[in-house]
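K.L.:
Below is one structure. I have some questions about it.
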Amino acid sequence: MQGLRTAGIAFASAAGAVLVASGAMRCAAVRPGFALSAGALLLAGVAAAVGWGVGRARRVSLPHVLLSVDLALGTGERLSSLYELRSRDAAPALQRRIEEKLALDPPVWQRVLRPRRADILPWGVGMAALAAALVLAAGGRPPTVSPVPAVAPAATSRTPSASEADPSARFGGPPVGGVAAEPVRPEQGAVAEPLVDALAELLPTPPSRGLLGSSDGAMEEDRRGSGGRGSDDGQALSDVLSQIMSRSQDEAPQDFDLTEDERETLRDLAEGLPDSPLRRALLAILEGEPGDAMKDEIAMAQELLGELRPTDPGEDGTPSGYAVEEGNASQGTGDPRDTLPGEGDVDGRPEGPAGDDAELGTDPAAPGDEGRSAPSSGEQGGRAGRGEGNASSSPGAAGLVFTELLSEWGTSGDVWRFMTRGLPFEAPAAGESGPPGALSLKVETLRALLETRALAPELQDLVRAYFETITQGEP
Amino acid sequence: MINERDLDQASALTQRLLGAIGETIVGQAAVVESTLIALLCGGHLLLEGVPGLGKTLLVRALASALGLRFSRIQFTPDLMPADILGTNVLSEDGGQRRFTYSPGPIFGNVILADEVNRATPKTQSALLEAMEEQTVTVGKATYPLDSPFIVLATQNPIEMEGTYPLPEAQVDRFLFKVGVGFPSVEELVAITERNTEHVGHWLPKPVATAEDVLSAQSVAREIPIARPLREYIARLVFATHPEHGQAPKDIRSFVEYGASPRAAIALILGAKAHALLAGEPNVRRADIEAVFRPALVHRVILNFKGEAEGVSVSSLLDQVWEETPIL
């Protein structure tokens, strides 16, 4: 019992120390984790073991133990008195008399073996403290970071083997062919892994959502606002914006304006959204001046809407999305891996830009659902989701295509301030201005996207380094 | 080494004594019990109570039941030590004159020192050597007292005029101090019946001899007490000392001197005798509790503050008992 009590006190002390440490770590915003939990358990266990050893090693005074037993059993201190006589080998008559008394009223030994409250209390306190420490540690755990799928590294090899060239072989999807998609090179993955970890530590959302993907609360609200209510509102908004944009092509820029029906529809849809960049963009369209400025606002709204496409799989297991409804998307397998960016069906690569001299990049024009459904790289996730790629050779195709950008970048400003080598993006949608194969990148759009995420300059550098690293050694 | 027969005889003796004294004394069970404990321990008893409660009768009944020699000394202010101890007197034997020692009333087995606080301290101190050493020194000669030897002193707590309170050194020599309380209505009725319907009161017939008492004293000392209980008794005694760290708060406030080591001895001996009286072969905590207050109440000296505030030593001892852990 002495060992039990000492072990309990040691255990409670250790657990208390762990609790204090957990509290201190939480106050200091130190990220606790498995190490702390395991360490806490180990520390408490070791302390209990040491306490048990110390308690066992302490000299036990038999007369005192016997007296405590006497008191517990109510034996009239006969046991300790009998020990006193026997230790001195005195008064056998009295010894016999005591033994007779004990025999007449035999003690109930279970009453002695039952742990007292003082023996159990330290264990209870220790367990409570340890539980509190673990709860405290669990409460301070940061969001789980999912590993970044190796999107870009898959596009670095130009001479893949047959199995490597077919991403479906890796993911169990339907066979595809004639695609320059490349497998992940282990060494490049290894190079990128530290950066991924670093990004996971720094970014408030997992990098798997795309470095330009929605990450703040407003964007989440947008996603819930459009996707949470089902795809109807999002589809309707997409249709309206596409319709308006199509009509703008036929009208003179200075005469372009919204019709009353369009205004009403947009207003209804905007009012159904929470306060978010998309809602603000829609309101800007409604309140903006007619002409080119309005077209730009519409284009930005389309960009923002594209990022917020729902990713939930449909009832048939296929990811629901605008492209599916438009009939351009491939029928998803329902495999969650389909949602990984850059791992979709490569049949959907655009015809124009792709070629032997393809450069790094992805084919965002394909209406494939994988790239769309995954909240990956912003541009890709946006336009590919709409399925409006101008090179949809086959329905449901999406994936990585290495292409060389043929046209000039953007319309104004320093596009390379926002772009870097290895950054995946999508081809221009149908109806967008410019020659075939040209990308219409607007500095304002890119800036708006980055500003939406409020990415710190050092993180922007880190993102840039990430994409440059995954193209390491390749043209 | 005692044997089964000694144990049985001792137990039987105590029961016979209790029965014999109970025939004369109505009620006062605690006083009777304390008297027998003092007898079994070879100690002395200080009885405190107002006159007329049967203190003297108790002592006489005890002496009669034991068949021992009884002496009564009425202490008065003019009582001299020689009146207690005896003195050398000139005697003539065969034509020769010489001083011969004439023993005083102290030479007896059961001594009643009635109203002991009325004698002068010089006379009171004459009892010191007799009580402690069980010898008497007169002139150059020392005379042993008979065994068993027990002094039962009484004192009146209310008539303090012209009294000489016993000095602490002398009080400490008494094993117990027992207050003799007023009897209950039923007991008083029984007392009046015994004293009004017969020719006086009667004393019990002897039920034991001096040898029986000495044997019982030996048996009582053999009663075992566990070492942790000895340590417990030591802690109890230390707890009456105001300078002791574990003394109760009131002890530190109102006590001038705590109990002496003689108190611990009295506690152990008294507990042993109490166990024997109860027919138990060993000392229990209950035995210690039974003798705790009579053994310590006269050994704890209040300070001025305690005296001024009328603090009861018994209440202080209650605190000591409650707050001292047994282990």
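Identifiers in this document derive from the order of the structure tokens: chains are assigned A, B, ..., residues are numbered from 1 separately in each chain, and ligands are numbered from 1 in order of occurrence.
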Any idea which chain A residues end up within 9 Å of chain B if we count only C-alpha atoms, as a short mmCIF file (atom, residue, chain, number, x, y, z; two decimals) with C-alpha atoms, in the first residue's frame please?
P.N.:
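Saved as out.cif:
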```
data_model
loop_
_atom_site.label_atom_id
_atom_site.label_comp_id
_atom_site.auth_asym_id
_atom_site.auth_seq_id
_atom_site.Cartn_x
_atom_site.Cartn_y
_atom_site.Cartn_z
CA PRO A 63 4.75 -2.70 14.36
CA HIS A 64 3.30 0.40 12.75
CA LEU A 67 -1.10 -1.21 14.41
CA SER A 68 -2.66 0.30 11.30
CA GLY A 76 -8.19 -4.07 19.83
CA GLU A 77 -4.51 -3.67 18.93
CA ARG A 78 -3.97 -7.36 19.46
CA LEU A 79 -1.85 -7.95 16.38
CA SER A 80 0.68 -5.28 17.25
CA SER A 81 0.71 -6.35 20.89
CA LEU A 82 1.22 -9.96 19.92
CA TYR A 83 4.10 -8.89 17.71
CA GLU A 84 5.54 -6.98 20.67
CA LEU A 85 5.44 -10.04 22.86
CA ALA A 90 7.93 -12.76 26.54
CA ALA A 91 4.84 -13.80 28.42
CA PRO A 92 3.72 -16.89 26.51
CA ALA A 93 0.61 -16.94 28.61
CA LEU A 94 -0.35 -13.54 27.37
CA GLN A 95 0.50 -14.54 23.80
CA ARG A 97 -4.49 -15.28 25.59
CA ILE A 98 -4.21 -12.83 22.72
CA LYS A 101 -9.03 -13.54 21.59
#
```
K.L.:
Write out as a list of chain:residue names which residues come within 10 Å of segment 242-247 of chain B when counting only C-alpha atoms, dropping same-chain ones fewer than 2 positions away.
P.N.:
B:Arg235, B:Leu236, B:Val237, B:Phe238, B:Ala239, B:Thr240, B:Lys249, B:Asp250, B:Ile251, B:Arg252, B:Ser253, B:Phe254, B:Val255, B:Glu256, B:Tyr257, B:Gly258, B:Gln319, B:Val320, B:Glu323, B:Thr324
K.L.:
Contacts of Ala12 of chain B at 12 Å or less, counting only C-alpha atoms, minus same-chain residues fewer than 4 places along, as a tab-separated table (two decimals) with N, CA and C atoms, in the first residue's frame?
P.N.:
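The result, stored in out28.tsv:
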```tsv
chain	number	residue	atom	x	y	z
B	5	ARG	N	-2.11	-19.01	35.39
B	5	ARG	CA	-2.74	-18.92	36.72
B	5	ARG	C	-2.65	-17.52	37.28
B	6	ASP	N	-1.52	-16.89	37.09
B	6	ASP	CA	-1.39	-15.51	37.56
B	6	ASP	C	-2.40	-14.60	36.85
B	7	LEU	N	-2.52	-14.84	35.57
B	7	LEU	CA	-3.49	-14.04	34.83
B	7	LEU	C	-4.90	-14.23	35.36
B	8	ASP	N	-5.24	-15.45	35.57
B	8	ASP	CA	-6.60	-15.72	36.06
B	8	ASP	C	-6.81	-15.13	37.45
B	16	ARG	N	-13.27	-9.30	42.23
B	16	ARG	CA	-13.68	-9.38	43.64
B	16	ARG	C	-13.61	-8.02	44.32
B	17	LEU	N	-12.57	-7.31	44.01
B	17	LEU	CA	-12.44	-5.98	44.61
B	17	LEU	C	-13.55	-5.05	44.17
B	18	LEU	N	-13.83	-5.10	42.87
B	18	LEU	CA	-14.90	-4.24	42.37
B	18	LEU	C	-16.23	-4.58	43.07
B	19	GLY	N	-16.45	-5.86	43.23
B	19	GLY	CA	-17.69	-6.26	43.88
B	19	GLY	C	-17.73	-5.86	45.34
B	207	VAL	N	-11.27	-9.60	50.74
B	207	VAL	CA	-11.39	-10.54	49.62
B	207	VAL	C	-10.04	-10.81	49.00
B	208	ALA	N	-9.00	-10.21	49.53
B	208	ALA	CA	-7.67	-10.41	48.94
B	208	ALA	C	-6.63	-10.20	50.01
B	212	ASP	N	-1.81	-11.16	47.03
B	212	ASP	CA	-2.64	-11.11	45.83
B	212	ASP	C	-2.47	-9.78	45.11
B	213	VAL	N	-2.40	-8.72	45.89
B	213	VAL	CA	-2.25	-7.40	45.25
B	213	VAL	C	-0.91	-7.28	44.57
B	215	SER	N	0.91	-9.66	43.40
B	215	SER	CA	0.91	-10.50	42.20
B	215	SER	C	0.17	-9.81	41.06
B	216	ALA	N	-0.96	-9.23	41.43
B	216	ALA	CA	-1.72	-8.52	40.39
B	216	ALA	C	-0.93	-7.35	39.83
B	276	LEU	N	-6.03	-4.80	32.25
B	276	LEU	CA	-6.21	-5.96	33.14
B	276	LEU	C	-7.58	-5.92	33.81
B	277	LEU	N	-7.94	-4.73	34.22
B	277	LEU	CA	-9.24	-4.58	34.86
B	277	LEU	C	-10.38	-4.93	33.91
B	278	ALA	N	-10.16	-4.64	32.62
B	278	ALA	CA	-11.18	-4.93	31.61
B	278	ALA	C	-11.09	-6.35	31.09
B	279	GLY	N	-10.12	-7.10	31.59
B	279	GLY	CA	-9.99	-8.49	31.15
B	279	GLY	C	-9.32	-8.65	29.81
```
K.L.:
Excluding Pro294 of chain B and residues on its chain fewer than 5 positions from it, collect all residues at most 8 Å away from it, counting only C-alpha atoms, and give them as a list in words.
P.N.:
Phe176, Lys177 and Val178 of chain B
K.L.:
Using only C-alpha atoms, find the one residue out of A:Ala40, A:Asp233, A:Met419, A:Gly8 that sits nearest to Val54 of chain A.
P.N.:
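Closest residue, counting only C-alpha atoms: A:Gly8.
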K.L.:
So that I can see what lies close to segment 49-66 of chain B, please list as a PDB file with all heavy atoms, in the first residue's frame the residues with an atom at most 7 Å from it, counting only C-alpha atoms and leaving out residues fewer than 6 positions away in the same chain.
P.N.:
```pdb
ATOM      1  N   LEU B  17     -12.571  -7.307  44.008  1.00  0.00           N
ATOM      2  CA  LEU B  17     -12.436  -5.977  44.615  1.00  0.00           C
ATOM      3  C   LEU B  17     -13.553  -5.050  44.170  1.00  0.00           C
ATOM      4  O   LEU B  17     -14.127  -4.307  44.978  1.00  0.00           O
ATOM      5  CB  LEU B  17     -11.082  -5.374  44.255  1.00  0.00           C
ATOM      6  CG  LEU B  17      -9.877  -5.946  45.007  1.00  0.00           C
ATOM      7  CD1 LEU B  17      -8.577  -5.348  44.491  1.00  0.00           C
ATOM      8  CD2 LEU B  17     -10.013  -5.652  46.508  1.00  0.00           C
ATOM      9  N   ALA B  20     -16.618  -6.019  46.025  1.00  0.00           N
ATOM     10  CA  ALA B  20     -16.596  -5.700  47.457  1.00  0.00           C
ATOM     11  C   ALA B  20     -16.752  -4.215  47.701  1.00  0.00           C
ATOM     12  O   ALA B  20     -17.522  -3.786  48.584  1.00  0.00           O
ATOM     13  CB  ALA B  20     -15.280  -6.207  48.060  1.00  0.00           C
ATOM     14  N   ILE B  21     -16.049  -3.428  46.926  1.00  0.00           N
ATOM     15  CA  ILE B  21     -16.158  -1.980  47.117  1.00  0.00           C
ATOM     16  C   ILE B  21     -17.550  -1.504  46.725  1.00  0.00           C
ATOM     17  O   ILE B  21     -18.128  -0.607  47.346  1.00  0.00           O
ATOM     18  CB  ILE B  21     -15.057  -1.262  46.320  1.00  0.00           C
ATOM     19  CG1 ILE B  21     -13.679  -1.649  46.871  1.00  0.00           C
ATOM     20  CG2 ILE B  21     -15.240   0.248  46.360  1.00  0.00           C
ATOM     21  CD1 ILE B  21     -12.533  -1.112  46.051  1.00  0.00           C
ATOM     22  N   THR B  24     -20.151  -1.273  49.375  1.00  0.00           N
ATOM     23  CA  THR B  24     -20.099  -0.160  50.332  1.00  0.00           C
ATOM     24  C   THR B  24     -20.346   1.188  49.655  1.00  0.00           C
ATOM     25  O   THR B  24     -21.058   2.040  50.177  1.00  0.00           O
ATOM     26  CB  THR B  24     -18.731  -0.137  51.031  1.00  0.00           C
ATOM     27  OG1 THR B  24     -18.526  -1.401  51.676  1.00  0.00           O
ATOM     28  CG2 THR B  24     -18.645   0.993  52.037  1.00  0.00           C
ATOM     29  N   ILE B  25     -19.725   1.353  48.530  1.00  0.00           N
ATOM     30  CA  ILE B  25     -19.796   2.626  47.827  1.00  0.00           C
ATOM     31  C   ILE B  25     -20.901   2.564  46.781  1.00  0.00           C
ATOM     32  O   ILE B  25     -20.928   1.664  45.958  1.00  0.00           O
ATOM     33  CB  ILE B  25     -18.455   2.974  47.153  1.00  0.00           C
ATOM     34  CG1 ILE B  25     -17.327   2.973  48.194  1.00  0.00           C
ATOM     35  CG2 ILE B  25     -18.534   4.299  46.428  1.00  0.00           C
ATOM     36  CD1 ILE B  25     -17.495   4.035  49.273  1.00  0.00           C
ATOM     37  N   VAL B 110      -2.584   1.228  53.208  1.00  0.00           N
ATOM     38  CA  VAL B 110      -3.486   2.179  52.542  1.00  0.00           C
ATOM     39  C   VAL B 110      -3.554   3.413  53.430  1.00  0.00           C
ATOM     40  O   VAL B 110      -4.013   3.348  54.572  1.00  0.00           O
ATOM     41  CB  VAL B 110      -4.884   1.576  52.353  1.00  0.00           C
ATOM     42  CG1 VAL B 110      -5.794   2.584  51.685  1.00  0.00           C
ATOM     43  CG2 VAL B 110      -4.805   0.299  51.532  1.00  0.00           C
ATOM     44  N   LEU B 112      -4.785   7.237  54.023  1.00  0.00           N
ATOM     45  CA  LEU B 112      -5.698   8.304  53.638  1.00  0.00           C
ATOM     46  C   LEU B 112      -5.156   9.620  54.187  1.00  0.00           C
ATOM     47  O   LEU B 112      -5.110   9.837  55.392  1.00  0.00           O
ATOM     48  CB  LEU B 112      -7.093   8.038  54.213  1.00  0.00           C
ATOM     49  CG  LEU B 112      -8.103   9.162  54.033  1.00  0.00           C
ATOM     50  CD1 LEU B 112      -8.346   9.463  52.559  1.00  0.00           C
ATOM     51  CD2 LEU B 112      -9.427   8.843  54.738  1.00  0.00           C
ATOM     52  N   GLN B 155      -8.589  16.485  48.767  1.00  0.00           N
ATOM     53  CA  GLN B 155      -8.518  17.920  48.983  1.00  0.00           C
ATOM     54  C   GLN B 155      -9.845  18.537  48.574  1.00  0.00           C
ATOM     55  O   GLN B 155     -10.526  18.061  47.685  1.00  0.00           O
ATOM     56  CB  GLN B 155      -7.347  18.569  48.233  1.00  0.00           C
ATOM     57  CG  GLN B 155      -7.402  18.471  46.727  1.00  0.00           C
ATOM     58  CD  GLN B 155      -6.191  19.152  46.094  1.00  0.00           C
ATOM     59  OE1 GLN B 155      -5.231  19.533  46.791  1.00  0.00           O
ATOM     60  NE2 GLN B 155      -6.227  19.314  44.802  1.00  0.00           N
ATOM     61  N   ASN B 156     -10.162  19.599  49.302  1.00  0.00           N
ATOM     62  CA  ASN B 156     -11.416  20.297  49.083  1.00  0.00           C
ATOM     63  C   ASN B 156     -11.175  21.485  48.159  1.00  0.00           C
ATOM     64  O   ASN B 156     -10.387  22.376  48.499  1.00  0.00           O
ATOM     65  CB  ASN B 156     -11.962  20.759  50.439  1.00  0.00           C
ATOM     66  CG  ASN B 156     -13.344  21.365  50.330  1.00  0.00           C
ATOM     67  OD1 ASN B 156     -13.821  21.648  49.239  1.00  0.00           O
ATOM     68  ND2 ASN B 156     -13.983  21.554  51.465  1.00  0.00           N
ATOM     69  N   PRO B 157     -11.822  21.508  47.017  1.00  0.00           N
ATOM     70  CA  PRO B 157     -11.523  22.569  46.065  1.00  0.00           C
ATOM     71  C   PRO B 157     -12.216  23.883  46.381  1.00  0.00           C
ATOM     72  O   PRO B 157     -11.916  24.889  45.719  1.00  0.00           O
ATOM     73  CB  PRO B 157     -12.028  21.990  44.747  1.00  0.00           C
ATOM     74  CG  PRO B 157     -13.147  21.099  45.143  1.00  0.00           C
ATOM     75  CD  PRO B 157     -12.784  20.548  46.486  1.00  0.00           C
ATOM     76  N   GLY B 179     -11.607  13.604  40.112  1.00  0.00           N
ATOM     77  CA  GLY B 179     -12.645  14.410  40.735  1.00  0.00           C
ATOM     78  C   GLY B 179     -13.791  13.525  41.196  1.00  0.00           C
ATOM     79  O   GLY B 179     -14.293  12.691  40.446  1.00  0.00           O
ATOM     80  N   VAL B 180     -14.200  13.768  42.439  1.00  0.00           N
ATOM     81  CA  VAL B 180     -15.322  12.996  42.979  1.00  0.00           C
ATOM     82  C   VAL B 180     -16.569  13.841  42.820  1.00  0.00           C
ATOM     83  O   VAL B 180     -16.709  14.884  43.463  1.00  0.00           O
ATOM     84  CB  VAL B 180     -15.078  12.635  44.468  1.00  0.00           C
ATOM     85  CG1 VAL B 180     -16.246  11.819  45.014  1.00  0.00           C
ATOM     86  CG2 VAL B 180     -13.780  11.881  44.636  1.00  0.00           C
ATOM     87  N   GLY B 181     -17.412  13.366  41.949  1.00  0.00           N
ATOM     88  CA  GLY B 181     -18.600  14.154  41.648  1.00  0.00           C
ATOM     89  C   GLY B 181     -19.769  13.816  42.532  1.00  0.00           C
ATOM     90  O   GLY B 181     -19.731  12.870  43.328  1.00  0.00           O
ATOM     91  N   PHE B 182     -20.815  14.640  42.390  1.00  0.00           N
ATOM     92  CA  PHE B 182     -22.012  14.427  43.180  1.00  0.00           C
ATOM     93  C   PHE B 182     -22.765  13.237  42.611  1.00  0.00           C
ATOM     94  O   PHE B 182     -22.826  13.056  41.399  1.00  0.00           O
ATOM     95  CB  PHE B 182     -22.882  15.694  43.147  1.00  0.00           C
ATOM     96  CG  PHE B 182     -23.767  15.826  44.333  1.00  0.00           C
ATOM     97  CD1 PHE B 182     -23.266  16.325  45.534  1.00  0.00           C
ATOM     98  CD2 PHE B 182     -25.094  15.450  44.279  1.00  0.00           C
ATOM     99  CE1 PHE B 182     -24.075  16.443  46.647  1.00  0.00           C
ATOM    100  CE2 PHE B 182     -25.910  15.566  45.392  1.00  0.00           C
ATOM    101  CZ  PHE B 182     -25.402  16.061  46.571  1.00  0.00           C
ATOM    102  N   LEU B 203     -18.394  -2.077  56.290  1.00  0.00           N
ATOM    103  CA  LEU B 203     -17.223  -2.202  55.428  1.00  0.00           C
ATOM    104  C   LEU B 203     -17.155  -3.627  54.893  1.00  0.00           C
ATOM    105  O   LEU B 203     -17.589  -4.576  55.571  1.00  0.00           O
ATOM    106  CB  LEU B 203     -15.948  -1.878  56.210  1.00  0.00           C
ATOM    107  CG  LEU B 203     -15.819  -0.417  56.667  1.00  0.00           C
ATOM    108  CD1 LEU B 203     -14.576  -0.247  57.532  1.00  0.00           C
ATOM    109  CD2 LEU B 203     -15.759   0.521  55.464  1.00  0.00           C
ATOM    110  N   PRO B 204     -16.619  -3.788  53.732  1.00  0.00           N
ATOM    111  CA  PRO B 204     -16.565  -5.139  53.149  1.00  0.00           C
ATOM    112  C   PRO B 204     -15.559  -6.017  53.869  1.00  0.00           C
ATOM    113  O   PRO B 204     -14.577  -5.542  54.451  1.00  0.00           O
ATOM    114  CB  PRO B 204     -16.137  -4.882  51.706  1.00  0.00           C
ATOM    115  CG  PRO B 204     -15.412  -3.601  51.755  1.00  0.00           C
ATOM    116  CD  PRO B 204     -16.072  -2.776  52.816  1.00  0.00           C
ATOM    117  N   LYS B 205     -15.803  -7.281  53.745  1.00  0.00           N
ATOM    118  CA  LYS B 205     -14.856  -8.240  54.304  1.00  0.00           C
ATOM    119  C   LYS B 205     -13.676  -8.387  53.356  1.00  0.00           C
ATOM    120  O   LYS B 205     -13.815  -8.200  52.150  1.00  0.00           O
ATOM    121  CB  LYS B 205     -15.536  -9.593  54.515  1.00  0.00           C
ATOM    122  CG  LYS B 205     -16.623  -9.552  55.575  1.00  0.00           C
ATOM    123  CD  LYS B 205     -17.288 -10.909  55.739  1.00  0.00           C
ATOM    124  CE  LYS B 205     -18.385 -10.842  56.811  1.00  0.00           C
ATOM    125  NZ  LYS B 205     -19.087 -12.139  56.951  1.00  0.00           N
ATOM    126  N   PRO B 206     -12.547  -8.761  53.895  1.00  0.00           N
ATOM    127  CA  PRO B 206     -11.363  -8.904  53.020  1.00  0.00           C
ATOM    128  C   PRO B 206     -11.604  -9.964  51.969  1.00  0.00           C
ATOM    129  O   PRO B 206     -12.075 -11.067  52.261  1.00  0.00           O
ATOM    130  CB  PRO B 206     -10.262  -9.321  54.000  1.00  0.00           C
ATOM    131  CG  PRO B 206     -10.720  -8.813  55.305  1.00  0.00           C
ATOM    132  CD  PRO B 206     -12.212  -8.926  55.306  1.00  0.00           C
ATOM    133  N   VAL B 207     -11.267  -9.604  50.740  1.00  0.00           N
ATOM    134  CA  VAL B 207     -11.387 -10.543  49.617  1.00  0.00           C
ATOM    135  C   VAL B 207     -10.037 -10.814  48.996  1.00  0.00           C
ATOM    136  O   VAL B 207      -9.956 -11.547  48.006  1.00  0.00           O
ATOM    137  CB  VAL B 207     -12.362  -9.989  48.558  1.00  0.00           C
ATOM    138  CG1 VAL B 207     -13.766  -9.901  49.107  1.00  0.00           C
ATOM    139  CG2 VAL B 207     -11.882  -8.640  48.040  1.00  0.00           C
ATOM    140  N   ALA B 208      -9.000 -10.209  49.532  1.00  0.00           N
ATOM    141  CA  ALA B 208      -7.672 -10.405  48.941  1.00  0.00           C
ATOM    142  C   ALA B 208      -6.625 -10.203  50.009  1.00  0.00           C
ATOM    143  O   ALA B 208      -6.896  -9.676  51.083  1.00  0.00           O
ATOM    144  CB  ALA B 208      -7.439  -9.438  47.799  1.00  0.00           C
ATOM    145  N   THR B 209      -5.464 -10.607  49.698  1.00  0.00           N
ATOM    146  CA  THR B 209      -4.336 -10.412  50.614  1.00  0.00           C
ATOM    147  C   THR B 209      -3.319  -9.502  49.961  1.00  0.00           C
ATOM    148  O   THR B 209      -3.433  -9.158  48.774  1.00  0.00           O
ATOM    149  CB  THR B 209      -3.666 -11.757  50.919  1.00  0.00           C
ATOM    150  OG1 THR B 209      -3.150 -12.304  49.701  1.00  0.00           O
ATOM    151  CG2 THR B 209      -4.669 -12.732  51.533  1.00  0.00           C
TER     152      THR B 209
END
```
K.L.:
Between B:Gln9, B:Thr35, B:Ser147, B:Ser314, which is the closest to Phe174 of chain B once you count only C-alpha atoms?
P.N.:
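Closest candidate: B:Thr35.
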K.L.:
So which bits of segment 173-260 of chain B end up strand (DSSP E) when you DSSP the backbone, as a ChimeraX atom specification?
P.N.:
/B:176-179,255-257
